[in-house]
>>> print(open('my_file05.cif').read())   # mmCIF, C-alpha atoms
data_coords
#
loop_
_atom_site.label_atom_id
_atom_site.label_comp_id
_atom_site.auth_asym_id
_atom_site.auth_seq_id
_atom_site.Cartn_x
_atom_site.Cartn_y
_atom_site.Cartn_z
CA MET A 1 125.91 116.08 163.99
CA SER A 2 123.37 118.59 165.38
CA PHE A 3 122.05 121.62 163.45
CA GLY A 4 123.95 123.99 165.76
CA ALA A 5 127.21 122.10 165.23
CA LEU A 6 126.69 122.03 161.46
CA MET A 7 126.06 125.78 161.36
CA GLU A 8 129.13 126.45 163.51
CA GLU A 9 131.29 124.23 161.30
CA LYS A 10 129.97 125.98 158.18
CA ARG A 11 130.76 129.41 159.64
CA ARG A 12 134.30 128.34 160.47
CA THR A 13 134.95 126.99 157.00
CA THR A 14 133.34 129.83 155.03
CA THR A 15 134.30 132.95 156.99
CA SER A 16 137.77 134.22 157.81
CA SER A 17 138.40 135.10 161.46
CA SER A 18 139.34 138.67 160.64
CA SER A 19 135.98 139.57 159.14
CA GLN A 20 133.63 137.30 161.12
CA VAL A 21 130.82 138.81 163.17
CA HIS A 22 130.05 136.20 165.85
CA MET A 23 126.39 135.30 166.16
CA PRO A 24 125.19 133.81 169.48
CA LYS A 25 125.83 130.07 169.47
CA ASP A 26 122.86 127.93 168.40
CA ILE A 27 121.52 125.61 171.10
CA ASP A 28 119.48 122.82 169.55
CA TRP A 29 117.41 119.87 170.77
CA GLN A 30 120.29 117.40 171.22
CA MET A 31 122.15 119.83 173.50
CA LEU A 32 119.27 120.24 176.00
CA ASP A 33 118.65 118.52 179.32
CA LYS A 34 114.98 117.70 178.61
CA SER A 35 113.79 117.40 182.24
CA ARG A 36 115.27 120.79 183.19
CA PHE A 37 114.01 122.29 179.94
CA PHE A 38 110.36 121.33 180.60
CA PHE A 39 110.39 121.97 184.36
CA LEU A 40 111.96 125.42 184.11
CA GLY A 41 109.89 126.18 181.02
CA ALA A 42 106.63 125.49 182.87
CA ALA A 43 107.66 127.85 185.70
CA LEU A 44 108.99 130.67 183.49
CA PHE A 45 106.14 130.70 180.96
CA SER A 46 103.50 130.49 183.73
CA GLY A 47 104.96 133.73 185.08
CA VAL A 48 104.80 135.34 181.63
CA SER A 49 101.16 134.22 181.20
CA THR A 50 100.22 135.67 184.60
CA ALA A 51 101.64 139.08 183.72
CA LEU A 52 99.99 139.31 180.27
CA TYR A 53 96.60 137.72 181.00
CA PRO A 54 94.64 140.97 181.71
CA ILE A 55 95.55 142.27 178.22
CA VAL A 56 94.16 139.07 176.68
CA VAL A 57 90.90 139.56 178.62
CA LEU A 58 90.56 143.12 177.24
CA LYS A 59 91.27 141.93 173.69
CA THR A 60 88.70 139.12 173.93
CA ARG A 61 85.94 141.38 175.29
CA GLN A 62 86.53 143.91 172.54
CA GLN A 63 86.35 141.22 169.87
CA VAL A 64 82.95 139.87 170.96
CA SER A 65 81.38 143.27 171.61
CA PRO A 66 78.78 144.27 168.96
CA THR A 67 79.79 147.93 169.35
CA ARG A 68 83.14 149.70 169.48
CA VAL A 69 84.21 150.02 173.11
CA SER A 70 87.59 151.39 174.18
CA CYS A 71 90.03 149.49 176.36
CA ALA A 72 89.79 152.25 178.95
CA ASN A 73 86.00 151.86 179.26
CA ILE A 74 86.23 148.07 179.48
CA SER A 75 88.99 148.32 182.09
CA LEU A 76 87.01 150.78 184.20
CA ALA A 77 83.86 148.67 183.97
CA ILE A 78 85.73 145.51 184.99
CA ALA A 79 87.46 147.30 187.88
CA ARG A 80 84.15 148.83 189.06
CA PHE A 81 81.86 145.80 188.81
CA GLU A 82 84.21 142.83 189.09
CA GLY A 83 87.39 144.05 190.74
CA LEU A 84 90.85 142.61 190.13
CA ARG A 85 89.41 139.09 189.74
CA GLY A 86 87.59 140.26 186.60
CA PHE A 87 90.94 140.67 184.82
CA TYR A 88 91.79 137.04 185.61
CA LYS A 89 88.56 135.26 184.70
CA GLY A 90 89.40 131.86 183.24
CA PHE A 91 93.05 132.19 184.27
CA GLY A 92 93.12 128.89 186.20
CA THR A 93 91.83 127.01 183.15
CA SER A 94 94.25 128.82 180.86
CA LEU A 95 97.21 128.12 183.15
CA LEU A 96 96.38 124.40 183.35
CA GLY A 97 96.42 124.29 179.55
CA THR A 98 99.58 126.38 179.23
CA ILE A 99 101.87 123.67 180.62
CA PRO A 100 101.01 120.79 178.21
CA ALA A 101 100.50 123.21 175.29
CA ARG A 102 103.90 124.85 175.84
CA ALA A 103 105.52 121.42 176.20
CA LEU A 104 104.05 120.33 172.85
CA TYR A 105 104.98 123.66 171.27
CA MET A 106 108.60 123.65 172.44
CA THR A 107 109.12 119.98 171.58
CA ALA A 108 107.74 120.37 168.04
CA LEU A 109 109.63 123.66 167.60
CA GLU A 110 113.05 122.32 168.59
CA ILE A 111 112.77 118.91 166.88
CA THR A 112 111.58 120.46 163.59
CA LYS A 113 114.13 123.27 163.71
CA SER A 114 116.93 120.78 164.29
CA SER A 115 115.88 118.20 161.67
CA VAL A 116 114.93 120.71 158.94
CA GLY A 117 118.00 122.80 159.76
CA GLN A 118 120.31 119.82 159.22
CA ALA A 119 118.63 119.08 155.88
CA THR A 120 118.94 122.69 154.66
CA VAL A 121 122.64 122.88 155.59
CA ARG A 122 123.36 119.59 153.80
CA LEU A 123 121.55 120.94 150.74
CA GLY A 124 124.11 123.74 150.66
CA LEU A 125 121.74 126.63 151.43
CA SER A 126 123.20 129.82 152.86
CA ASP A 127 123.12 130.46 156.63
CA THR A 128 120.38 133.08 156.24
CA THR A 129 118.17 130.87 154.07
CA ALA A 130 118.76 127.79 156.26
CA LEU A 131 117.77 129.72 159.40
CA ALA A 132 114.66 131.21 157.77
CA VAL A 133 113.47 127.87 156.35
CA SER A 134 114.14 125.86 159.52
CA ASN A 135 112.53 128.50 161.77
CA GLY A 136 109.52 128.87 159.47
CA ALA A 137 108.92 125.12 159.31
CA ALA A 138 109.38 124.86 163.08
CA GLY A 139 106.87 127.65 163.67
CA LEU A 140 104.31 125.94 161.44
CA THR A 141 104.52 122.49 163.07
CA SER A 142 104.69 123.83 166.64
CA ALA A 143 101.54 125.93 166.12
CA VAL A 144 99.58 122.94 164.78
CA ALA A 145 100.77 120.73 167.66
CA ALA A 146 99.93 123.30 170.33
CA GLN A 147 96.42 123.96 168.96
CA ILE A 148 95.42 120.38 169.81
CA VAL A 149 95.56 121.49 173.46
CA TRP A 150 95.03 125.23 173.08
CA THR A 151 91.70 125.16 171.22
CA PRO A 152 89.68 123.43 174.01
CA ILE A 153 91.42 125.63 176.61
CA ASP A 154 90.61 128.74 174.56
CA VAL A 155 86.94 127.77 174.24
CA VAL A 156 86.54 127.36 178.01
CA SER A 157 88.75 130.24 179.19
CA GLN A 158 87.40 132.78 176.67
CA ARG A 159 83.80 132.06 177.70
CA LEU A 160 84.81 132.75 181.28
CA MET A 161 86.69 135.92 180.20
CA VAL A 162 83.63 137.55 178.63
CA GLN A 163 81.29 136.55 181.45
CA GLY A 164 81.17 139.70 183.53
CA ASP A 165 79.00 140.86 186.39
CA LEU A 166 75.30 141.07 185.42
CA SER A 167 75.28 144.83 186.05
CA MET A 168 78.05 145.17 183.48
CA ASN A 169 75.70 143.94 180.78
CA LYS A 170 73.94 147.31 180.81
CA HIS A 171 77.21 149.02 179.93
CA LEU A 172 78.52 146.45 177.43
CA PRO A 173 75.46 144.87 175.80
CA GLY A 174 75.98 141.71 173.76
CA VAL A 175 79.25 140.73 175.41
CA MET A 176 77.73 137.95 177.49
CA ASN A 177 77.23 134.39 176.31
CA SER A 178 73.78 132.88 176.87
CA CYS A 179 75.18 130.32 179.38
CA ARG A 180 76.37 131.16 182.88
CA TYR A 181 79.41 129.38 184.29
CA THR A 182 80.62 129.30 187.88
CA ASN A 183 84.15 128.07 187.08
CA GLY A 184 86.21 126.22 184.50
CA PHE A 185 84.89 122.79 185.49
CA ASP A 186 81.29 124.00 185.27
CA ALA A 187 81.98 125.48 181.80
CA PHE A 188 83.56 122.19 180.69
CA ARG A 189 80.54 120.21 181.93
CA LYS A 190 77.96 122.50 180.28
CA ILE A 191 79.78 122.70 176.95
CA LEU A 192 80.09 118.89 176.90
CA TYR A 193 76.36 118.54 177.69
CA THR A 194 75.09 121.07 175.13
CA ASP A 195 77.60 120.69 172.26
CA GLY A 196 79.32 117.36 172.90
CA PRO A 197 83.09 116.84 172.47
CA ARG A 198 83.00 118.82 169.20
CA GLY A 199 82.08 121.90 171.22
CA PHE A 200 85.61 122.07 172.59
CA TYR A 201 87.02 122.31 169.08
CA ARG A 202 84.90 125.19 167.85
CA GLY A 203 87.04 127.22 165.51
CA PHE A 204 89.83 124.60 165.39
CA GLY A 205 90.17 124.87 161.61
CA ILE A 206 90.26 128.65 161.65
CA SER A 207 92.67 128.55 164.62
CA ILE A 208 95.08 126.54 162.46
CA LEU A 209 94.55 129.04 159.62
CA THR A 210 95.29 131.87 162.07
CA TYR A 211 98.23 130.56 164.04
CA ALA A 212 100.08 128.18 161.72
CA PRO A 213 100.90 130.69 158.93
CA SER A 214 101.44 133.60 161.34
CA ASN A 215 103.70 131.47 163.53
CA ALA A 216 105.69 130.32 160.49
CA VAL A 217 106.06 133.93 159.30
CA TRP A 218 106.91 135.11 162.82
CA TRP A 219 109.74 132.64 163.35
CA ALA A 220 111.13 133.09 159.83
CA SER A 221 111.03 136.91 160.08
CA TYR A 222 112.42 136.76 163.62
CA SER A 223 115.48 134.83 162.46
CA LEU A 224 116.06 137.28 159.60
CA ALA A 225 115.49 140.36 161.80
CA HIS A 226 117.76 138.93 164.47
CA LYS A 227 120.60 138.39 162.03
CA SER A 228 120.21 141.79 160.33
CA ILE A 229 120.05 143.67 163.66
CA TRP A 230 122.82 141.61 165.27
CA THR A 231 125.40 142.10 162.48
CA PRO A 232 125.88 145.91 162.84
CA PHE A 233 125.27 145.68 166.60
CA LYS A 234 128.23 143.33 167.15
CA ARG A 235 130.77 144.83 164.76
CA SER A 236 132.82 146.17 167.65
CA TYR A 237 132.58 142.94 169.69
CA THR A 238 134.04 140.38 167.28
CA HIS A 239 135.72 138.26 169.97
CA LYS A 240 133.32 138.63 172.88
CA GLU A 241 129.66 137.69 173.36
CA ASP A 242 127.66 140.25 175.31
CA ALA A 243 124.63 138.57 176.98
CA GLY A 244 122.93 141.90 177.65
CA GLY A 245 123.34 143.01 174.05
CA SER A 246 122.04 139.66 172.85
CA MET A 247 118.83 140.11 174.87
CA VAL A 248 118.31 143.62 173.45
CA VAL A 249 118.65 142.29 169.89
CA GLN A 250 116.28 139.40 170.65
CA ALA A 251 113.68 141.83 172.05
CA LEU A 252 113.93 144.20 169.05
CA SER A 253 113.70 141.28 166.61
CA ALA A 254 110.64 139.86 168.40
CA ALA A 255 108.84 143.21 168.41
CA THR A 256 109.58 143.67 164.70
CA ALA A 257 108.22 140.22 163.85
CA SER A 258 105.08 140.71 165.99
CA GLY A 259 103.76 143.96 164.50
CA CYS A 260 103.03 142.71 160.99
CA SER A 261 101.75 139.37 162.27
CA ALA A 262 99.14 141.06 164.48
CA LEU A 263 97.98 143.36 161.68
CA VAL A 264 97.66 140.64 159.04
CA THR A 265 95.93 137.98 161.18
CA MET A 266 93.59 140.25 163.21
CA PRO A 267 90.36 139.69 161.16
CA VAL A 268 90.78 135.91 161.27
CA ASP A 269 91.50 136.02 165.02
CA THR A 270 88.32 138.06 165.63
CA ILE A 271 86.22 135.53 163.67
CA LYS A 272 87.87 132.66 165.58
CA THR A 273 87.14 134.26 168.96
CA ARG A 274 83.48 134.82 168.07
CA LEU A 275 83.09 131.24 166.86
CA GLN A 276 84.45 129.95 170.16
CA VAL A 277 82.48 132.30 172.43
CA LEU A 278 79.18 133.39 170.86
CA ASP A 279 76.09 131.44 169.79
CA ALA A 280 73.53 131.97 167.04
CA GLU A 281 69.77 131.46 167.34
CA GLU A 282 67.69 129.49 164.84
CA ASN A 283 63.96 129.09 165.41
CA GLY A 284 64.42 129.92 169.07
CA ARG A 285 67.16 127.32 169.54
CA ARG A 286 70.78 128.04 170.44
CA ARG A 287 73.31 126.77 167.89
CA ALA A 288 77.03 127.13 167.32
CA MET A 289 77.81 130.14 165.15
CA THR A 290 79.21 129.41 161.68
CA VAL A 291 82.03 131.28 159.96
CA MET A 292 79.60 132.95 157.53
CA GLN A 293 77.29 134.04 160.36
CA SER A 294 80.26 135.51 162.21
CA VAL A 295 81.46 137.38 159.10
CA LYS A 296 77.95 138.70 158.32
CA SER A 297 77.45 139.95 161.88
CA LEU A 298 80.81 141.75 161.77
CA MET A 299 79.93 143.38 158.45
CA ARG A 300 76.60 144.58 159.89
CA GLU A 301 78.28 145.94 163.02
CA GLY A 302 80.94 148.02 161.30
CA GLY A 303 82.41 146.40 158.22
CA LEU A 304 86.13 145.74 158.06
CA GLY A 305 86.70 148.03 161.03
CA ALA A 306 84.72 145.64 163.25
CA CYS A 307 87.20 142.89 162.38
CA TYR A 308 89.96 145.00 163.93
CA ARG A 309 88.30 145.52 167.32
CA GLY A 310 90.87 144.59 169.94
CA LEU A 311 93.81 145.34 167.62
CA GLY A 312 95.42 147.65 170.19
CA PRO A 313 95.44 145.13 173.06
CA ARG A 314 96.39 142.31 170.67
CA TRP A 315 99.27 144.32 169.23
CA VAL A 316 100.54 145.15 172.73
CA SER A 317 99.92 141.60 173.94
CA MET A 318 101.71 140.01 170.97
CA SER A 319 104.67 142.39 171.17
CA MET A 320 105.07 142.00 174.94
CA SER A 321 104.40 138.28 174.80
CA ALA A 322 106.83 137.71 171.92
CA THR A 323 109.53 139.84 173.53
CA THR A 324 109.24 138.14 176.92
CA MET A 325 108.73 134.74 175.29
CA ILE A 326 111.83 134.84 173.10
CA THR A 327 114.14 136.29 175.78
CA THR A 328 112.74 133.80 178.33
CA TYR A 329 112.98 130.99 175.79
CA GLU A 330 116.61 131.69 174.90
CA PHE A 331 117.44 132.12 178.61
CA LEU A 332 115.67 128.81 179.33
CA LYS A 333 117.67 127.00 176.64
CA ARG A 334 120.92 128.24 178.17
CA LEU A 335 119.82 127.14 181.63
CA ALA A 336 118.83 123.70 180.32
CA THR A 337 121.94 123.08 178.19
CA LYS A 338 123.71 119.85 179.10
CA LYS A 339 127.05 120.32 180.84
CA GLN A 340 129.90 119.55 178.50
CA SER A 341 132.18 116.79 179.79
#
>>> encode(input="my_file05.cif", output="structure tokens")
Amino acid sequence: MSFGALMEEKRRTTTSSSSQVHMPKDIDWQMLDKSRFFFLGAALFSGVSTALYPIVVLKTRQQVSPTRVSCANISLAIARFEGLRGFYKGFGTSLLGTIPARALYMTALEITKSSVGQATVRLGLSDTTALAVSNGAAGLTSAVAAQIVWTPIDVVSQRLMVQGDLSMNKHLPGVMNSCRYTNGFDAFRKILYTDGPRGFYRGFGISILTYAPSNAVWWASYSLAHKSIWTPFKRSYTHKEDAGGSMVVQALSAATASGCSALVTMPVDTIKTRLQVLDAEENGRRRAMTVMQSVKSLMREGGLGACYRGLGPRWVSMSMSATTMITTYEFLKRLATKKQS
């Protein structure tokens, strides 16, 4: 029996119909039409990535800048010297990586959530605990799986993001990497030539340390926030499911889960971005920056405050991304649910 069916059975046997507040039905891995799930998922999440990409560019440029520069100044400089294309540097590379990375992410997420969820229910844990544990474990494994694809894509796309027009260098000194790239393929070729295959996995370890715990916390806190917000919200709708209300609760829960995650993981994300984008010089030779070199440079540039450069765009990006992601994701699961015979 699937996790969703087990949870539904448990609700029926433990809660009387007069006092039950109906949660939206769980749709798990066994209930999905996989081909529709991946095809529609690629289309929907590509649209989400397109809309949010400029915010990611702003966040990345702030993180690698040696001085504090506002989003407004960066936006104006990009618009003046690079035009609209400047806000989408590296987008093609990022989009190509989004499809396989999202496929890995969603597969790991749903399989783990279903298998761990079944185990927690059989162990006799409460609904709330079972949801939190299964969602947390699913978030952890999906983040690790996705980083296998995302890290090389991040390395290439972020280098293209921070590579602005030469005249922009006068306004934002230190943002540029020492190499010049014409496109994603050229960046791939040059990174492979100078750093070898390991160059594509710069910051892989710290990426796992950034995304795996934060993703686990996000999914666990999302499930708890969703249940706590949904319960009072649906008191007056005990026998009817309101799709619009469900989306509002999902959005509020996602925004709640995103705020703390962005605040806690920001310093590690800044270090990760610098490791993947910037180089250090030793005896006149260019070398990959180490974690300690990145931390020392941040401390020299502004202490702990330097670690939080780009917090505003990241907070907005994470909140918007999480809100659109979870509503799109739940909508996708309903579209891809197998027809019941």
>>> axis_aligned_box(input="my_file05.cif", around="stretch 276-284 of chain A", padding_each_side="8 Å", output="lines of an AutoDock Vina configuration file")
center_x = 74.2
center_y = 131.2
center_z = 168.6
size_x = 36.5
size_y = 20.3
size_z = 23.6
>>> residues_around(input="my_file05.cif", residues="A:Tyr181", least_positions_apart="6", cutoff="12 Å", atoms="all atoms listed in the file", output="JSON, numbers by chain")
{"A": [89, 90, 156, 157, 158, 159, 160, 161, 162, 163, 164, 165, 187, 188, 189, 190, 191]}
>>> residues_around(input="my_file05.cif", residues="A:Arg68", least_positions_apart="3", cutoff="8 Å", atoms="all atoms listed in the file", output="list in words")
Gln62, Ser65, Ala306 and Arg309 of chain A
>>> residues_around(input="my_file05.cif", residues="A:Gln250", least_positions_apart="2", cutoff="8 Å", atoms="only C-alpha atoms", output="list of chain:residue names")
A:His226, A:Ser246, A:Met247, A:Val248, A:Leu252, A:Ser253, A:Ala254, A:Thr323, A:Ile326, A:Thr327
>>> resolve_selection(input="my_file05.cif", expression="the PyMOL selection byres ((chain A and resi 222) around 12)", output="ChimeraX atom specification")
/A:128,131-136,139,214-221,223-230,249-261,322-323,326
>>> residues_around(input="my_file05.cif", residues="stretch 263-266 of chain A", least_positions_apart="3", cutoff="8 Å", atoms="all atoms listed in the file", output="PyMOL selection string")
chain A and resi 210+214+259-260+269-270+307-308+311+315
>>> atom_distance(input="my_file05.cif", atom1="atom CA of A:Leu304", atom2="atom CA of A:Thr273")
15.9 Å
>>> resolve_selection(input="my_file05.cif", expression="the PyMOL selection byres ((chain A and resi 109-117) around 6)", output="list in words")
Phe3, Trp29, Tyr105, Met106, Thr107, Ala108, Gln118, Ala119, Thr120, Ser134, Asn135, Ala138 and Ser142 of chain A
>>> write_last_selection(input="my_file05.cif", atoms="C-alpha atoms", output="short mmCIF file (atom, residue, chain, number, x, y, z; two decimals), keeping the file's coordinate frame")
data_model
loop_
_atom_site.label_atom_id
_atom_site.label_comp_id
_atom_site.auth_asym_id
_atom_site.auth_seq_id
_atom_site.Cartn_x
_atom_site.Cartn_y
_atom_site.Cartn_z
CA PHE A 3 122.05 121.62 163.45
CA TRP A 29 117.41 119.87 170.77
CA TYR A 105 104.98 123.66 171.27
CA MET A 106 108.60 123.65 172.44
CA THR A 107 109.12 119.98 171.58
CA ALA A 108 107.74 120.37 168.04
CA GLN A 118 120.31 119.82 159.22
CA ALA A 119 118.63 119.08 155.88
CA THR A 120 118.94 122.69 154.66
CA SER A 134 114.14 125.86 159.52
CA ASN A 135 112.53 128.50 161.77
CA ALA A 138 109.38 124.86 163.08
CA SER A 142 104.69 123.83 166.64
#
>>> closest_residue(input="my_file05.cif", among="A:Phe81, A:Tyr329, A:Phe185, A:Trp150", to="A:Phe204", atoms="all atoms listed in the file")
A:Trp150
>>> closest_residue(input="my_file05.cif", among="A:Ser321, A:Ala51, A:Lys59, A:Asp127", to="A:Leu95", atoms="all atoms listed in the file")
A:Ala51
>>> residues_near_point(input="my_file05.cif", point="(88.4, 128.1, 163.7)", cutoff="8 Å", atoms="only C-alpha atoms", output="PyMOL selection string")
chain A and resi 202-209+271-272+275-276
>>> atom_distance(input="my_file05.cif", atom1="atom CA of A:Gly303", atom2="atom CA of A:Cys179")
27.5 Å
>>> atom_distance(input="my_file05.cif", atom1="atom CA of A:Ser297", atom2="atom CA of A:Tyr193")
26.6 Å
>>> closest_residue(input="my_file05.cif", among="A:Arg274, A:Lys338, A:Arg285, A:Arg102", to="A:Leu32", atoms="all atoms listed in the file")
A:Lys338
>>> residues_near_point(input="my_file05.cif", point="(91.2, 136.4, 187.8)", cutoff="10 Å", atoms="all atoms listed in the file", output="ChimeraX atom specification")
/A:50,53-54,57,82-92,160-161
>>> resolve_selection(input="my_file05.cif", expression="the PyMOL selection byres ((chain A and resi 288) around 8)", output="list in words")
Leu275, Leu278, Asp279, Ala280, Arg286, Arg287, Met289 and Thr290 of chain A
>>> closest_residue(input="my_file05.cif", among="A:Leu123, A:Val277, A:Leu140, A:Met318", to="A:Val155", atoms="all atoms listed in the file")
A:Val277
>>> residues_around(input="my_file05.cif", residues="A:Leu40", least_positions_apart="3", cutoff="12 Å", atoms="only C-alpha atoms", output="list in words")
Asp33, Lys34, Ser35, Arg36, Phe37, Ala43, Leu44, Phe45, Ser46, Gly47, Ile99, Arg102, Ala103, Thr328, Tyr329, Phe331, Leu332, Lys333, Arg334, Leu335, Ala336 and Thr337 of chain A
